[in-house]
Amino acid sequence: MGERGRCKYTYKKLIDEISGYGLKYIEKDLQGIHFEKVYSPYYQQKGGVTFDGLERGKLLVFEK
């Protein structure tokens, strides 16, 4: 377990685990922004989230 009891995943571990459910990984070079924090009541009560404060990362695309 990582910090605060959260499990740390690598991209390879995520791909292997999701592929284990029968989904096929489609390799694409895509980057994205995670907007979930924007809608979180917790962050809204703290004054909201700035664009710079949003998480960024690689998008993993799977096909069923």
# chains A, B, ... in the order shown; residues from 1 in each chain; ligands from 1
$ residues_around --residues "A:Tyr39" --least-positions-apart "5" --cutoff "12 Å" --atoms "only C-alpha atoms" --output "CSV table (one decimal) with N, CA and C atoms, in the first residue's frame"
chain,number,residue,atom,x,y,z
A,34,HIS,N,-8.1,14.9,-15.4
A,34,HIS,CA,-9.1,14.2,-14.6
A,34,HIS,C,-10.0,15.3,-14.0
A,44,GLN,N,-15.5,21.8,-3.6
A,44,GLN,CA,-16.4,22.9,-3.8
A,44,GLN,C,-16.5,23.7,-2.5
A,45,GLN,N,-16.6,23.0,-1.3
A,45,GLN,CA,-16.6,23.7,0.0
A,45,GLN,C,-15.3,24.4,0.3
A,47,GLY,N,-13.6,25.9,-1.8
A,47,GLY,CA,-13.4,27.1,-2.7
A,47,GLY,C,-13.2,26.7,-4.1
A,48,GLY,N,-13.3,25.4,-4.4
A,48,GLY,CA,-13.1,24.9,-5.8
A,48,GLY,C,-11.7,24.5,-6.2
A,49,VAL,N,-11.5,24.1,-7.4
A,49,VAL,CA,-10.3,23.6,-7.9
A,49,VAL,C,-9.9,24.5,-9.1
A,54,LEU,N,-5.7,20.3,-11.4
A,54,LEU,CA,-6.3,19.1,-11.8
A,54,LEU,C,-5.2,18.1,-12.2
$ residues_around --residues "stretch 14-19 of chain A" --least-positions-apart "3" --cutoff "10 Å" --atoms "only C-alpha atoms" --output "MDAnalysis selection string"
chainID A and resid 8:11 22:26 60:64
$ write_last_selection --atoms "N, CA and C atoms" --output "tab-separated table (two decimals), in the first residue's frame"
chain	number	residue	atom	x	y	z
A	8	LYS	N	-0.85	1.67	-5.09
A	8	LYS	CA	-0.18	2.32	-6.22
A	8	LYS	C	-0.23	1.38	-7.43
A	9	TYR	N	-0.64	1.89	-8.55
A	9	TYR	CA	-0.69	1.12	-9.79
A	9	TYR	C	0.26	1.72	-10.81
A	10	THR	N	0.92	0.86	-11.55
A	10	THR	CA	1.69	1.31	-12.71
A	10	THR	C	0.76	1.16	-13.91
A	11	TYR	N	1.11	1.79	-15.02
A	11	TYR	CA	0.29	1.62	-16.23
A	11	TYR	C	0.26	0.15	-16.64
A	22	GLY	N	-11.03	-9.46	-20.07
A	22	GLY	CA	-11.42	-9.69	-21.45
A	22	GLY	C	-11.41	-8.46	-22.34
A	23	LEU	N	-10.91	-7.35	-21.85
A	23	LEU	CA	-10.83	-6.14	-22.67
A	23	LEU	C	-9.47	-6.07	-23.35
A	24	LYS	N	-9.44	-5.55	-24.57
A	24	LYS	CA	-8.21	-5.45	-25.34
A	24	LYS	C	-7.68	-4.02	-25.25
A	25	TYR	N	-6.42	-3.89	-24.85
A	25	TYR	CA	-5.78	-2.59	-24.75
A	25	TYR	C	-5.45	-2.06	-26.14
A	26	ILE	N	-5.84	-0.83	-26.42
A	26	ILE	CA	-5.54	-0.16	-27.69
A	26	ILE	C	-4.48	0.89	-27.39
A	60	LEU	N	-5.74	5.51	-20.98
A	60	LEU	CA	-5.67	4.11	-21.41
A	60	LEU	C	-6.97	3.77	-22.10
A	61	VAL	N	-6.89	3.27	-23.32
A	61	VAL	CA	-8.07	2.97	-24.13
A	61	VAL	C	-8.19	1.45	-24.27
A	62	PHE	N	-9.39	0.94	-23.99
A	62	PHE	CA	-9.66	-0.49	-24.09
A	62	PHE	C	-10.86	-0.73	-24.98
A	63	GLU	N	-10.89	-1.89	-25.60
A	63	GLU	CA	-12.00	-2.30	-26.49
A	63	GLU	C	-12.56	-3.61	-25.96
A	64	LYS	N	-13.88	-3.69	-25.96
A	64	LYS	CA	-14.52	-4.92	-25.50
A	64	LYS	C	-14.65	-5.90	-26.64
$ closest_residue --among "A:Gly53, A:Lys58, A:Lys12, A:Cys7" --to "A:Glu36" --atoms "only C-alpha atoms"
A:Gly53
$ closest_residue --among "A:Tyr21, A:Ser40, A:Ile33, A:Arg6" --to "A:Leu59" --atoms "only C-alpha atoms"
A:Ile33
$ select_by_dssp --residues "chain A" --states "helix (DSSP H, G or I)" --output "list of chain:residue names"
A:Glu3, A:Arg4, A:Gly5, A:Tyr11, A:Lys12, A:Lys13, A:Leu14, A:Ile15, A:Asp16, A:Glu17, A:Ile18, A:Ser19, A:Glu36, A:Lys37, A:Val38, A:Tyr39, A:Pro41, A:Tyr42, A:Tyr43, A:Gln44, A:Gln45, A:Phe51, A:Asp52, A:Gly53
$ select_by_dssp --residues "stretch 4-39 of chain A" --states "strand (DSSP E or B)" --output "ChimeraX atom specification"
/A:24-26,31-34
$ write_last_selection --atoms "C-alpha atoms" --output "JSON list (two decimals), in the first residue's frame"
[["chain", "number", "residue", "atom", "x", "y", "z"],
["A", 24, "LYS", "CA", -8.21, -5.45, -25.34],
["A", 25, "TYR", "CA", -5.78, -2.59, -24.75],
["A", 26, "ILE", "CA", -5.54, -0.16, -27.69],
["A", 31, "GLN", "CA", -2.97, 12.60, -22.51],
["A", 32, "GLY", "CA", -5.88, 13.87, -20.46],
["A", 33, "ILE", "CA", -7.08, 15.79, -17.43],
["A", 34, "HIS", "CA", -9.11, 14.24, -14.62]]
$ decode --residues "chain A" --atoms "C-alpha atoms" --output "PDB file, in the first residue's frame"
ATOM      1  CA  MET A   1       0.000   0.000   0.000  1.00  0.00           C
ATOM      2  CA  GLY A   2       1.180   3.513  -0.745  1.00  0.00           C
ATOM      3  CA  GLU A   3       0.681   6.719   1.168  1.00  0.00           C
ATOM      4  CA  ARG A   4      -2.527   6.978   3.194  1.00  0.00           C
ATOM      5  CA  GLY A   5      -3.317   3.323   2.497  1.00  0.00           C
ATOM      6  CA  ARG A   6      -3.857   3.852  -1.226  1.00  0.00           C
ATOM      7  CA  CYS A   7      -2.714   1.161  -3.633  1.00  0.00           C
ATOM      8  CA  LYS A   8      -0.183   2.316  -6.224  1.00  0.00           C
ATOM      9  CA  TYR A   9      -0.692   1.119  -9.792  1.00  0.00           C
ATOM     10  CA  THR A  10       1.688   1.314 -12.708  1.00  0.00           C
ATOM     11  CA  TYR A  11       0.290   1.623 -16.232  1.00  0.00           C
ATOM     12  CA  LYS A  12       1.439  -1.953 -16.918  1.00  0.00           C
ATOM     13  CA  LYS A  13      -0.347  -3.265 -13.820  1.00  0.00           C
ATOM     14  CA  LEU A  14      -3.562  -1.445 -14.809  1.00  0.00           C
ATOM     15  CA  ILE A  15      -3.390  -2.741 -18.383  1.00  0.00           C
ATOM     16  CA  ASP A  16      -2.734  -6.323 -17.218  1.00  0.00           C
ATOM     17  CA  GLU A  17      -5.565  -6.233 -14.668  1.00  0.00           C
ATOM     18  CA  ILE A  18      -8.159  -4.732 -17.028  1.00  0.00           C
ATOM     19  CA  SER A  19      -7.067  -7.047 -19.857  1.00  0.00           C
ATOM     20  CA  GLY A  20      -7.735  -9.932 -17.483  1.00  0.00           C
ATOM     21  CA  TYR A  21     -11.438  -9.055 -17.709  1.00  0.00           C
ATOM     22  CA  GLY A  22     -11.419  -9.692 -21.451  1.00  0.00           C
ATOM     23  CA  LEU A  23     -10.835  -6.144 -22.666  1.00  0.00           C
ATOM     24  CA  LYS A  24      -8.214  -5.450 -25.344  1.00  0.00           C
ATOM     25  CA  TYR A  25      -5.780  -2.586 -24.748  1.00  0.00           C
ATOM     26  CA  ILE A  26      -5.541  -0.163 -27.692  1.00  0.00           C
ATOM     27  CA  GLU A  27      -2.203   1.624 -27.609  1.00  0.00           C
ATOM     28  CA  LYS A  28      -2.610   5.336 -28.309  1.00  0.00           C
ATOM     29  CA  ASP A  29      -0.494   8.292 -27.266  1.00  0.00           C
ATOM     30  CA  LEU A  30      -3.203  10.309 -25.514  1.00  0.00           C
ATOM     31  CA  GLN A  31      -2.968  12.599 -22.512  1.00  0.00           C
ATOM     32  CA  GLY A  32      -5.881  13.869 -20.461  1.00  0.00           C
ATOM     33  CA  ILE A  33      -7.076  15.788 -17.432  1.00  0.00           C
ATOM     34  CA  HIS A  34      -9.114  14.244 -14.622  1.00  0.00           C
ATOM     35  CA  PHE A  35     -12.078  16.573 -13.943  1.00  0.00           C
ATOM     36  CA  GLU A  36     -13.755  14.580 -11.130  1.00  0.00           C
ATOM     37  CA  LYS A  37     -12.431  16.957  -8.441  1.00  0.00           C
ATOM     38  CA  VAL A  38     -14.347  19.830 -10.043  1.00  0.00           C
ATOM     39  CA  TYR A  39     -17.681  18.204  -9.100  1.00  0.00           C
ATOM     40  CA  SER A  40     -16.654  17.017  -5.622  1.00  0.00           C
ATOM     41  CA  PRO A  41     -18.603  18.709  -2.775  1.00  0.00           C
ATOM     42  CA  TYR A  42     -15.431  18.438  -0.662  1.00  0.00           C
ATOM     43  CA  TYR A  43     -13.422  20.606  -3.064  1.00  0.00           C
ATOM     44  CA  GLN A  44     -16.366  22.934  -3.766  1.00  0.00           C
ATOM     45  CA  GLN A  45     -16.633  23.682  -0.034  1.00  0.00           C
ATOM     46  CA  LYS A  46     -12.898  24.435   0.019  1.00  0.00           C
ATOM     47  CA  GLY A  47     -13.367  27.057  -2.690  1.00  0.00           C
ATOM     48  CA  GLY A  48     -13.135  24.935  -5.816  1.00  0.00           C
ATOM     49  CA  VAL A  49     -10.275  23.630  -7.899  1.00  0.00           C
ATOM     50  CA  THR A  50      -8.113  25.610 -10.277  1.00  0.00           C
ATOM     51  CA  PHE A  51      -7.320  24.244 -13.723  1.00  0.00           C
ATOM     52  CA  ASP A  52      -3.668  23.913 -12.700  1.00  0.00           C
ATOM     53  CA  GLY A  53      -4.721  21.800  -9.706  1.00  0.00           C
ATOM     54  CA  LEU A  54      -6.331  19.062 -11.819  1.00  0.00           C
ATOM     55  CA  GLU A  55      -4.587  15.716 -12.233  1.00  0.00           C
ATOM     56  CA  ARG A  56      -3.016  14.980 -15.604  1.00  0.00           C
ATOM     57  CA  GLY A  57      -2.004  11.645 -17.026  1.00  0.00           C
ATOM     58  CA  LYS A  58      -1.960   9.137 -19.834  1.00  0.00           C
ATOM     59  CA  LEU A  59      -5.316   7.875 -21.106  1.00  0.00           C
ATOM     60  CA  LEU A  60      -5.668   4.113 -21.413  1.00  0.00           C
ATOM     61  CA  VAL A  61      -8.067   2.970 -24.134  1.00  0.00           C
ATOM     62  CA  PHE A  62      -9.660  -0.493 -24.086  1.00  0.00           C
ATOM     63  CA  GLU A  63     -11.996  -2.296 -26.486  1.00  0.00           C
ATOM     64  CA  LYS A  64     -14.516  -4.924 -25.505  1.00  0.00           C
TER      65      LYS A  64
END
